[in-house]
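Here's the structure we're looking at; comments come further down.
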Amino acid sequence: MTNAKVIVVGNEKGGSGKSTLSIHLAVSYLYSGYKVATIDLDGRQGTLTHYIENRVRYAEENKLDLPMPEHLVVTPSQFSNKRSSEEDEEQLDEEIKDLKNDYDIIIIDTPGTFSHLSNAGHKNADILITPVNDSLVDIDVIANIDPNSKEIISESQYTQNIRDIQKKRADLGKDELFWIVLRNRISHIDAKNKREVDSILKKLQEKLGFTYISGIGERVVYREMFLKGLTILDLLKIDKDEISISHIAAKNELLTVLNTINIPLKQDI
Ligand SMILES: Nc1ncnc2c1ncn2[C@@H]1O[C@H](COP(=O)(O)OP(=O)(O)OP(=O)(O)O)[C@@H](O)[C@H]1O
Ligand SMILES: [Mg+2]
């Protein structure tokens with residue numbers, strides 16, 4: 001597809017919800033009528049890959065017609081023999097180029113640590129979504145913050161990396177990378193920490209050039225869906241009797257993320 005979009009879900013911190021968000025974005029765009037491919041760059045852990053395998057199995061066992069993305073795992077050189085990181089990068093670029101011919105949207109899940117492959121994935125992004133857990137510790141992956149003034153002391157390695165990618169894109173005359181920071185697992189209890197995270201991210205967005213979304217709530221349902229490979233959208237379609245306010249709130253939060261990404265949905269999801 002000439003206008004294919006690459007969405008990278010990235011954060012060099014583990015457990016911020018990247019894989020869960022990746023499958024939710026993939027299924028959202030599938031229901032909306034797009035052709036979607038997914039790439040797992042975290043082959044070692046393979047959460048997104050297992051999520052999709054669970055989905056295929058659950059659909060077969062329950063005779064459900066669940067939409068599936070075309071899925072690819074790209075493994076780094078340390079797991080194959082003697083390939084260099086440049087060759088890894090070239091291979092990934094090739095895979096993405098090929099997928100762009102056949103798919104409208106490519107969603108790339110990345111590991112929670114730096115890797116050459118993950119970096120190569122980030123370089124291919126049109127849209128980058130960084131989920132951060134609702135804690136001051138998790139903001140550290142974006143910037144080091146002064147505890148009193150809440151001003152930025154220094155930008156993190158990850159933020160500098162994104163800045164470099166932006167600069168290279170500008171030099172090549174490419175569109176700007178659209179960077180979204182999404183607060184995830186927001187607790188329902190009102191706490192000082194929670195308000196601080198919100199006010200710091202609001203402040204950071206102008207300085208660092210991302211769009212901040214606040215965000216996705218801490219919901220038990222997210223932890224329960226993995227083994228069936230389901231998303232909140234599937235639950236709302238399949239399990240109509242079990243729909244709760246929390247399910248609907250979760251869908252609305254997902255719709256806010258999709259609205260911000262701004263790839264128009266072709267049909268209601
Ligand atoms: N909004 C949420 N509410 C409750 N639990 C959540 C939410 N989002 C993610 N989780 C849970 O948090 C854990 C980590 O999520 P996930 O595996 O998606 O993170 P990750 O960033 O991909 O982790 P890693 O860096 O290890 O790849 C999982 O148990 C997942 O079910
Ligand atoms: Mg993951």
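Ligands are numbered from 1 in the order shown, residues from 1 within each chain, and chains are lettered A, B, ... in the order they appear in the structure tokens.
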Could you list, as a compact mmCIF listing (two decimals) with C-alpha atoms, in the first residue's frame, all protein and nucleic acid residues with an atom at most 12 Å from ligand 2, counting only C-alpha atoms and all ligand atoms?
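Result saved to out.txt:
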# COMPACT_ATOMS: atom_id res chain seq x y z
CA VAL A 9 5.13 0.64 20.38
CA GLY A 10 8.29 1.36 22.32
CA ASN A 11 9.66 2.14 25.74
CA GLU A 12 13.02 0.95 27.05
CA LYS A 13 11.39 -0.03 30.29
CA GLY A 14 9.88 -3.42 30.88
CA GLY A 15 6.25 -4.08 31.66
CA SER A 16 4.74 -0.76 30.57
CA GLY A 17 2.05 -2.44 28.48
CA LYS A 18 3.66 -2.42 25.00
CA SER A 19 2.59 -5.90 23.94
CA THR A 20 -0.93 -5.50 25.33
CA LEU A 21 -1.30 -2.20 23.48
CA SER A 22 0.17 -3.69 20.28
CA ILE A 23 -2.47 -6.43 20.07
CA ILE A 39 6.05 -7.59 13.95
CA ASP A 40 7.47 -8.92 17.20
CA LEU A 41 10.96 -7.54 17.79
CA ASP A 42 10.94 -9.04 21.27
CA GLY A 43 11.32 -12.58 20.00
CA ARG A 44 13.12 -13.68 23.13
CA GLN A 45 10.10 -13.00 25.33
CA GLY A 46 7.60 -13.32 22.48
CA THR A 47 4.59 -11.93 24.34
CA LEU A 48 2.89 -10.56 21.23
CA THR A 49 3.65 -13.77 19.33
CA HIS A 50 2.19 -15.90 22.13
CA TYR A 51 -0.80 -13.56 22.34
CA ILE A 108 5.81 -3.24 15.73
CA ASP A 109 6.16 -4.41 19.32
CA THR A 110 9.61 -3.83 20.82
CA PRO A 111 11.46 -5.18 23.86
CA GLY A 112 11.71 -3.29 27.16
CA THR A 113 15.44 -2.73 26.74
CA SER A 118 14.42 -2.25 18.39
CA PRO A 131 3.21 3.61 27.14
CA PHE A 226 -3.87 -13.03 27.30
All residues 9 Å or closer to A:Ser246, only C-alpha atoms, same chain fewer than 4 positions away omitted, as a list in words: Arg219, Val221, Ala250 and Lys251 of chain A
Write the residues you've just listed into a file as a JSON list (two decimals), in the first residue's frame, and include N, CA and C atoms for each of them.
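The resulting file, result-v4.json, is reproduced below:
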[["chain", "number", "residue", "atom", "x", "y", "z"],
["A", 219, "ARG", "N", -6.87, -2.11, 34.82],
["A", 219, "ARG", "CA", -8.09, -2.92, 34.74],
["A", 219, "ARG", "C", -7.73, -4.40, 34.72],
["A", 221, "VAL", "N", -9.23, -6.82, 33.65],
["A", 221, "VAL", "CA", -9.56, -7.50, 32.40],
["A", 221, "VAL", "C", -8.34, -7.64, 31.48],
["A", 250, "ALA", "N", -12.93, 0.80, 29.18],
["A", 250, "ALA", "CA", -11.68, 0.37, 28.52],
["A", 250, "ALA", "C", -11.76, 0.63, 27.02],
["A", 251, "LYS", "N", -12.91, 0.34, 26.43],
["A", 251, "LYS", "CA", -13.05, 0.58, 25.00],
["A", 251, "LYS", "C", -12.94, 2.09, 24.70]]
Between atom CA of A:Ile139 and atom CA of A:Leu201, what is the spacing in Å?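 Separation of atom CA of A:Leu201 and atom CA of A:Ile139: 7.9 Å.
For the atom pair formed by atom CA of A:Thr38 and atom CA of A:Ile263, the distance is 16.4 Å, given to one decimal.
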Write out as a PyMOL selection string which residues come within 7 Å of stretch 58-69 of chain A when counting only C-alpha atoms, dropping same-chain ones fewer than 6 positions away. chain A and resi 26-27+30+36-38+228
Stretch 83-88 of chain A environment, 12 Å, only C-alpha atoms, sequence neighbours closer than 6 positions dropped, as a list in words: Leu41, Val74, Thr75, Pro76, Ser77, Glu94, Glu95, Ser115, His116, Leu117, Ser118, Asn119, Ala120 and Gly121 of chain A
Restrict the selected residues to all heavy atoms and save them as an mmCIF file, in the first residue's frame.
data_model
loop_
_atom_site.group_PDB
_atom_site.id
_atom_site.type_symbol
_atom_site.label_atom_id
_atom_site.label_comp_id
_atom_site.auth_asym_id
_atom_site.auth_seq_id
_atom_site.Cartn_x
_atom_site.Cartn_y
_atom_site.Cartn_z
ATOM 1 N N LEU A 41 9.499 -7.701 17.708
ATOM 2 C CA LEU A 41 10.961 -7.540 17.787
ATOM 3 C C LEU A 41 11.473 -8.002 19.144
ATOM 4 O O LEU A 41 12.652 -7.874 19.442
ATOM 5 C CB LEU A 41 11.357 -6.074 17.552
ATOM 6 C CG LEU A 41 11.129 -5.537 16.148
ATOM 7 C CD1 LEU A 41 11.706 -4.130 16.022
ATOM 8 C CD2 LEU A 41 11.756 -6.450 15.096
ATOM 9 N N VAL A 74 10.927 -11.077 14.053
ATOM 10 C CA VAL A 74 12.276 -10.829 13.521
ATOM 11 C C VAL A 74 13.243 -10.948 14.694
ATOM 12 O O VAL A 74 13.147 -10.205 15.669
ATOM 13 C CB VAL A 74 12.372 -9.440 12.857
ATOM 14 C CG1 VAL A 74 13.772 -9.203 12.303
ATOM 15 C CG2 VAL A 74 11.340 -9.319 11.739
ATOM 16 N N THR A 75 14.137 -11.920 14.590
ATOM 17 C CA THR A 75 15.027 -12.178 15.734
ATOM 18 C C THR A 75 16.390 -11.523 15.537
ATOM 19 O O THR A 75 16.913 -11.480 14.426
ATOM 20 C CB THR A 75 15.238 -13.692 15.939
ATOM 21 O OG1 THR A 75 15.408 -14.286 14.675
ATOM 22 C CG2 THR A 75 14.096 -14.319 16.680
ATOM 23 N N PRO A 76 16.975 -11.030 16.611
ATOM 24 C CA PRO A 76 18.284 -10.377 16.502
ATOM 25 C C PRO A 76 19.425 -11.365 16.294
ATOM 26 O O PRO A 76 19.280 -12.563 16.536
ATOM 27 C CB PRO A 76 18.435 -9.661 17.834
ATOM 28 C CG PRO A 76 17.532 -10.349 18.772
ATOM 29 C CD PRO A 76 16.437 -10.967 17.969
ATOM 30 N N SER A 77 20.565 -10.797 15.885
ATOM 31 C CA SER A 77 21.687 -11.639 15.471
ATOM 32 C C SER A 77 22.185 -12.589 16.549
ATOM 33 O O SER A 77 22.649 -13.663 16.245
ATOM 34 C CB SER A 77 22.832 -10.763 15.001
ATOM 35 O OG SER A 77 23.076 -9.769 15.949
ATOM 36 N N GLU A 94 13.947 -4.489 5.020
ATOM 37 C CA GLU A 94 13.405 -5.248 3.875
ATOM 38 C C GLU A 94 12.024 -5.808 4.188
ATOM 39 O O GLU A 94 11.091 -5.679 3.402
ATOM 40 C CB GLU A 94 14.322 -6.435 3.542
ATOM 41 C CG GLU A 94 15.414 -6.174 2.527
ATOM 42 C CD GLU A 94 14.958 -5.401 1.297
ATOM 43 O OE1 GLU A 94 14.036 -5.877 0.599
ATOM 44 O OE2 GLU A 94 15.501 -4.314 1.053
ATOM 45 N N GLU A 95 11.935 -6.428 5.390
ATOM 46 C CA GLU A 95 10.649 -7.044 5.793
ATOM 47 C C GLU A 95 9.560 -5.973 5.828
ATOM 48 O O GLU A 95 8.446 -6.180 5.375
ATOM 49 C CB GLU A 95 10.744 -7.669 7.200
ATOM 50 C CG GLU A 95 11.798 -8.742 7.367
ATOM 51 C CD GLU A 95 11.348 -10.121 6.909
ATOM 52 O OE1 GLU A 95 10.350 -10.203 6.183
ATOM 53 O OE2 GLU A 95 12.020 -11.100 7.292
ATOM 54 N N SER A 115 17.889 -2.450 22.029
ATOM 55 C CA SER A 115 18.545 -3.436 21.161
ATOM 56 C C SER A 115 18.659 -2.779 19.784
ATOM 57 O O SER A 115 17.903 -1.865 19.461
ATOM 58 C CB SER A 115 17.737 -4.734 21.072
ATOM 59 O OG SER A 115 16.628 -4.570 20.223
ATOM 60 N N HIS A 116 19.618 -3.248 18.999
ATOM 61 C CA HIS A 116 19.794 -2.664 17.665
ATOM 62 C C HIS A 116 18.538 -2.833 16.826
ATOM 63 O O HIS A 116 18.137 -1.932 16.088
ATOM 64 C CB HIS A 116 20.994 -3.305 16.972
ATOM 65 C CG HIS A 116 22.275 -2.896 17.606
ATOM 66 N ND1 HIS A 116 22.759 -1.611 17.504
ATOM 67 C CD2 HIS A 116 23.134 -3.567 18.386
ATOM 68 C CE1 HIS A 116 23.880 -1.527 18.193
ATOM 69 N NE2 HIS A 116 24.124 -2.700 18.743
ATOM 70 N N LEU A 117 17.947 -4.011 16.989
ATOM 71 C CA LEU A 117 16.750 -4.299 16.212
ATOM 72 C C LEU A 117 15.603 -3.362 16.612
ATOM 73 O O LEU A 117 14.885 -2.840 15.760
ATOM 74 C CB LEU A 117 16.369 -5.762 16.463
ATOM 75 C CG LEU A 117 15.694 -6.517 15.334
ATOM 76 C CD1 LEU A 117 16.340 -6.283 13.998
ATOM 77 C CD2 LEU A 117 15.658 -8.003 15.669
ATOM 78 N N SER A 118 15.470 -3.147 17.912
ATOM 79 C CA SER A 118 14.424 -2.249 18.388
ATOM 80 C C SER A 118 14.676 -0.839 17.858
ATOM 81 O O SER A 118 13.760 -0.146 17.396
ATOM 82 C CB SER A 118 14.417 -2.249 19.917
ATOM 83 O OG SER A 118 13.544 -1.261 20.376
ATOM 84 N N ASN A 119 15.929 -0.436 17.881
ATOM 85 C CA ASN A 119 16.281 0.885 17.368
ATOM 86 C C ASN A 119 15.952 0.991 15.874
ATOM 87 O O ASN A 119 15.421 2.005 15.410
ATOM 88 C CB ASN A 119 17.776 1.125 17.615
ATOM 89 C CG ASN A 119 18.131 2.577 17.475
ATOM 90 O OD1 ASN A 119 17.374 3.436 17.899
ATOM 91 N ND2 ASN A 119 19.262 2.853 16.855
ATOM 92 N N ALA A 120 16.258 -0.089 15.153
ATOM 93 C CA ALA A 120 15.951 -0.108 13.717
ATOM 94 C C ALA A 120 14.441 -0.010 13.506
ATOM 95 O O ALA A 120 13.971 0.662 12.585
ATOM 96 C CB ALA A 120 16.492 -1.395 13.089
ATOM 97 N N GLY A 121 13.689 -0.657 14.385
ATOM 98 C CA GLY A 121 12.222 -0.560 14.310
ATOM 99 C C GLY A 121 11.781 0.881 14.508
ATOM 100 O O GLY A 121 10.966 1.409 13.736
#
Mind the document's chain letters and residue numbers, and return as a CSV table (one decimal) with N, CA and C atoms, in the first residue's frame the residues of stretch 85-163 of chain A that DSSP labels strand (DSSP E).
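The file below, result16.csv, is the result:
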chain,number,residue,atom,x,y,z
A,105,ILE,N,-1.4,-1.1,7.6
A,105,ILE,CA,-0.9,-0.7,8.9
A,105,ILE,C,0.0,-1.8,9.4
A,106,ILE,N,1.2,-1.4,9.9
A,106,ILE,CA,2.2,-2.4,10.4
A,106,ILE,C,2.5,-1.9,11.9
A,107,ILE,N,2.2,-2.9,12.8
A,107,ILE,CA,2.4,-2.5,14.2
A,107,ILE,C,3.6,-3.3,14.7
A,108,ILE,N,4.6,-2.6,15.3
A,108,ILE,CA,5.8,-3.2,15.7
A,108,ILE,C,5.9,-3.2,17.2
A,109,ASP,N,6.0,-4.3,17.9
A,109,ASP,CA,6.2,-4.4,19.3
A,109,ASP,C,7.7,-4.6,19.6
A,127,ILE,N,4.6,6.6,13.4
A,127,ILE,CA,4.0,6.9,14.7
A,127,ILE,C,4.6,6.1,15.8
A,128,LEU,N,5.1,6.7,16.9
A,128,LEU,CA,5.7,6.0,18.0
A,128,LEU,C,4.8,6.2,19.2
A,129,ILE,N,4.4,5.1,19.8
A,129,ILE,CA,3.6,5.2,21.0
A,129,ILE,C,4.4,4.6,22.2
A,130,THR,N,4.6,5.4,23.2
A,130,THR,CA,5.4,5.0,24.4
A,130,THR,C,4.4,4.9,25.6
A,131,PRO,N,4.0,3.7,25.9
A,131,PRO,CA,3.2,3.6,27.1
A,131,PRO,C,4.1,3.7,28.4
A,132,VAL,N,3.7,4.5,29.3
A,132,VAL,CA,4.4,4.6,30.6
A,132,VAL,C,3.5,4.2,31.8
A,133,ASN,N,4.0,3.4,32.7
A,133,ASN,CA,3.2,3.1,33.8
A,133,ASN,C,3.0,4.3,34.7
A,143,ALA,N,12.8,11.3,30.9
A,143,ALA,CA,13.7,12.4,31.4
A,143,ALA,C,13.9,12.3,32.9
A,144,ASN,N,15.1,12.8,33.3
A,144,ASN,CA,15.4,12.9,34.7
A,144,ASN,C,14.8,14.2,35.3
A,145,ILE,N,14.0,14.0,36.3
A,145,ILE,CA,13.3,15.2,36.8
A,145,ILE,C,13.8,15.6,38.2
A,152,ILE,N,13.1,19.5,34.1
A,152,ILE,CA,13.9,18.5,33.5
A,152,ILE,C,15.4,18.7,33.9
A,153,ILE,N,16.0,17.7,34.4
A,153,ILE,CA,17.5,17.9,34.7
A,153,ILE,C,18.2,17.4,33.4
A,154,SER,N,17.8,16.3,32.9
A,154,SER,CA,18.4,15.9,31.6
A,154,SER,C,17.4,15.0,30.9
A,155,GLU,N,17.6,14.9,29.6
A,155,GLU,CA,16.7,14.0,28.8
A,155,GLU,C,17.3,12.6,28.9
So what do you get for atom CA of A:Phe178 versus atom 30 (C, counted along the ligand's line) of ligand 1, distance-wise?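 One can read the atom CA of A:Phe178 to atom 30 (C, counted along the ligand's line) of ligand 1 distance as 24.9 Å.
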All residues 12 Å or closer to A:Arg169, only C-alpha atoms, same chain fewer than 5 positions away omitted, as a ChimeraX atom specification: /A:122-126,162-164,174-178
Using only C-alpha atoms and all ligand atoms, the residue out of A:Lys266, A:Lys167, A:Lys100, A:Arg223 with shortest distance to ligand 1 is A:Arg223
